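Have a look at the structure below, then the notes.
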Amino acid sequence: MEHKFNPENKKKLFSEFRKKILPARRTLKEAGLKEEMTFADVGCGNGYFTFPASEIIGSKGRVFALDISSELLEDINTRIKEENKTNIEVVKTEENNLKIAKESVDLAFSCNVLHETKDLDLFLKEVKRILKPEGRIAIIDWEKVDSDFGPPKEHRLDKSVIINGLKNIGFKYVKAKILNKDLYRITALKNKI
């Protein structure tokens, strides 16, 4: 049962608490983001990771800000204009159609999104489609525990479900890391073939 984020709560995405437990720049660098990469922020919300990614990759890189929410993407478009960003492309997606070219992304990043998917397998296959051969996926999501914040425990995905899903569709070097008591990160590489 998926648990969708309510755009009315968008201020929470930039809360001081979130900045403390998940500092954007450090989180992206630890996920493997480097200069000149093409980066997909899958389920970007209102840009918590999008704008730090834009700075890390620089003018020769490219960020795809991907989300199903028009309201959240409007916030990103406004900020792009205000900050005169030229390396961010905003794309309104559908859940299992990211609407960008296949094999166009070096790193696909998704934070606290997978527990919202209706069909995890289809979602992971779509992310795999946009990754270049040897492209990397980095997923951060909620530990399946009771917590004072985030979605209810019954809506969270145990990391083993995501790990098995990635392995089943051909990802290699699948690794999990506990970030804190509430969040984990899973990384994997797409096979060349």
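Residue numbering restarts at 1 in every chain; chains get A, B, ... in the order shown in the structure tokens, and ligands count up from 1 in that same order.
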
Secondary structure check, strand (DSSP E) residues of stretch 3-148 of chain A, as a VMD selection string:
chain A and resid 38 to 42 62 to 67 88 to 92 105 to 111 131 to 142

Once you have the residues from the selection above, write them out as a short mmCIF file (atom, residue, chain, number, x, y, z; two decimals), in the first residue's frame, restricted to N, CA and C atoms.
data_model
loop_
_atom_site.label_atom_id
_atom_site.label_comp_id
_atom_site.auth_asym_id
_atom_site.auth_seq_id
_atom_site.Cartn_x
_atom_site.Cartn_y
_atom_site.Cartn_z
N THR A 38 25.53 13.46 -15.53
CA THR A 38 24.11 13.67 -15.79
C THR A 38 23.38 12.95 -14.66
N PHE A 39 22.56 13.70 -13.95
CA PHE A 39 21.95 13.26 -12.70
C PHE A 39 20.44 13.34 -12.80
N ALA A 40 19.75 12.29 -12.38
CA ALA A 40 18.28 12.30 -12.34
C ALA A 40 17.84 12.29 -10.88
N ASP A 41 17.16 13.34 -10.47
CA ASP A 41 16.58 13.43 -9.14
C ASP A 41 15.14 12.92 -9.28
N VAL A 42 14.97 11.63 -9.05
CA VAL A 42 13.69 10.95 -9.30
C VAL A 42 12.79 11.13 -8.08
N ARG A 62 24.39 17.95 -16.02
CA ARG A 62 22.96 18.18 -16.26
C ARG A 62 22.15 17.49 -15.18
N VAL A 63 21.15 18.19 -14.69
CA VAL A 63 20.24 17.63 -13.69
C VAL A 63 18.85 17.53 -14.30
N PHE A 64 18.26 16.35 -14.20
CA PHE A 64 16.84 16.17 -14.53
C PHE A 64 16.08 16.17 -13.21
N ALA A 65 15.20 17.15 -13.02
CA ALA A 65 14.33 17.21 -11.85
C ALA A 65 13.02 16.54 -12.24
N LEU A 66 12.77 15.35 -11.72
CA LEU A 66 11.65 14.52 -12.15
C LEU A 66 10.65 14.34 -11.02
N ASP A 67 9.39 14.67 -11.29
CA ASP A 67 8.36 14.46 -10.27
C ASP A 67 6.99 14.39 -10.93
N ILE A 88 19.64 22.64 -15.12
CA ILE A 88 18.52 21.87 -14.56
C ILE A 88 17.38 21.84 -15.58
N GLU A 89 16.91 20.63 -15.86
CA GLU A 89 15.74 20.46 -16.72
C GLU A 89 14.62 19.83 -15.90
N VAL A 90 13.48 20.51 -15.83
CA VAL A 90 12.33 20.03 -15.06
C VAL A 90 11.44 19.19 -15.98
N VAL A 91 11.07 18.00 -15.50
CA VAL A 91 10.25 17.09 -16.30
C VAL A 91 9.12 16.55 -15.44
N LYS A 92 7.88 16.83 -15.84
CA LYS A 92 6.73 16.24 -15.14
C LYS A 92 6.58 14.80 -15.65
N VAL A 105 21.53 8.84 -18.23
CA VAL A 105 21.84 9.30 -16.89
C VAL A 105 23.00 8.50 -16.28
N ASP A 106 23.94 9.22 -15.65
CA ASP A 106 25.04 8.58 -14.94
C ASP A 106 24.62 8.10 -13.55
N LEU A 107 23.83 8.93 -12.86
CA LEU A 107 23.39 8.61 -11.51
C LEU A 107 21.92 8.95 -11.36
N ALA A 108 21.13 7.94 -11.01
CA ALA A 108 19.71 8.15 -10.70
C ALA A 108 19.58 8.09 -9.18
N PHE A 109 18.96 9.10 -8.62
CA PHE A 109 18.88 9.25 -7.17
C PHE A 109 17.42 9.37 -6.78
N SER A 110 17.05 8.67 -5.73
CA SER A 110 15.66 8.71 -5.27
C SER A 110 15.66 8.70 -3.75
N CYS A 111 15.08 9.72 -3.15
CA CYS A 111 15.06 9.83 -1.69
C CYS A 111 13.62 9.80 -1.17
N LEU A 131 19.26 4.78 -17.09
CA LEU A 131 20.68 4.74 -16.72
C LEU A 131 21.56 4.30 -17.89
N LYS A 132 22.71 4.96 -18.01
CA LYS A 132 23.72 4.53 -18.97
C LYS A 132 24.26 3.17 -18.54
N PRO A 133 24.86 2.40 -19.46
CA PRO A 133 25.55 1.18 -19.04
C PRO A 133 26.57 1.55 -17.96
N GLU A 134 26.61 0.79 -16.90
CA GLU A 134 27.45 1.06 -15.74
C GLU A 134 26.99 2.29 -14.96
N GLY A 135 25.77 2.78 -15.25
CA GLY A 135 25.20 3.86 -14.47
C GLY A 135 24.87 3.39 -13.06
N ARG A 136 24.75 4.33 -12.17
CA ARG A 136 24.58 4.02 -10.74
C ARG A 136 23.21 4.49 -10.27
N ILE A 137 22.61 3.69 -9.40
CA ILE A 137 21.38 4.07 -8.74
C ILE A 137 21.67 4.23 -7.25
N ALA A 138 21.11 5.26 -6.65
CA ALA A 138 21.22 5.47 -5.21
C ALA A 138 19.82 5.75 -4.67
N ILE A 139 19.41 4.93 -3.72
CA ILE A 139 18.07 5.01 -3.16
C ILE A 139 18.19 5.23 -1.66
N ILE A 140 17.50 6.24 -1.17
CA ILE A 140 17.39 6.45 0.28
C ILE A 140 15.92 6.29 0.62
N ASP A 141 15.67 5.50 1.66
CA ASP A 141 14.28 5.36 2.08
C ASP A 141 14.23 5.08 3.57
N TRP A 142 13.00 4.98 4.06
CA TRP A 142 12.74 4.85 5.48
C TRP A 142 12.97 3.43 5.97
#

Among chain A, which residues does DSSP mark as helix (DSSP H, G or I) when it is run on the backbone? Keep the chain and numbering as in the structure and answer as a ChimeraX atom specification.
/A:7-14,16-21,24-30,50-57,70-83,114-116,120-130,153-155,159-168

Would you mind reading off the distance between atom CA of A:Thr187 and atom CA of A:Glu30, one decimal, in Å?
10.2 Å

Report the distance between atom CA of A:Ala176 and atom CA of A:Lys29 in Å, rounded to one decimal place.
16.0 Å

Across A:Lys177, A:Lys19, A:His115, A:Lys128, the smallest distance to A:Ile100, with only C-alpha atoms counted, is shown by A:Lys128

Residue contacts of A:Leu120 (9 Å, only C-alpha atoms) excluding same-chain residues fewer than 6 positions away, as a tab-separated table (two decimals) with C-alpha atoms, in the first residue's frame:
chain	number	residue	atom	x	y	z
A	114	LEU	CA	10.11	4.03	-3.31
A	162	ILE	CA	14.52	-3.14	-2.66
A	165	GLY	CA	14.17	-6.05	-6.61

Top pick for closest residue to A:Glu103, considering A:Asp75, A:Asp121, A:Glu126, A:Glu35 and counting only C-alpha atoms:
A:Glu126

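You will find atom CA of A:Ala101 at 16.7 Å from atom CA of A:Leu122.
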
Of the listed residues A:Asn191, A:Arg129, A:Phe49, A:Asn164, that which approaches A:Leu22 most closely, counting only C-alpha atoms:
A:Phe49

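Each of A:Ser59, A:Asp146, A:Gly45, A:Lys102 was compared to A:Asn77 using only C-alpha atoms, and A:Gly45 turns out to be the nearest.
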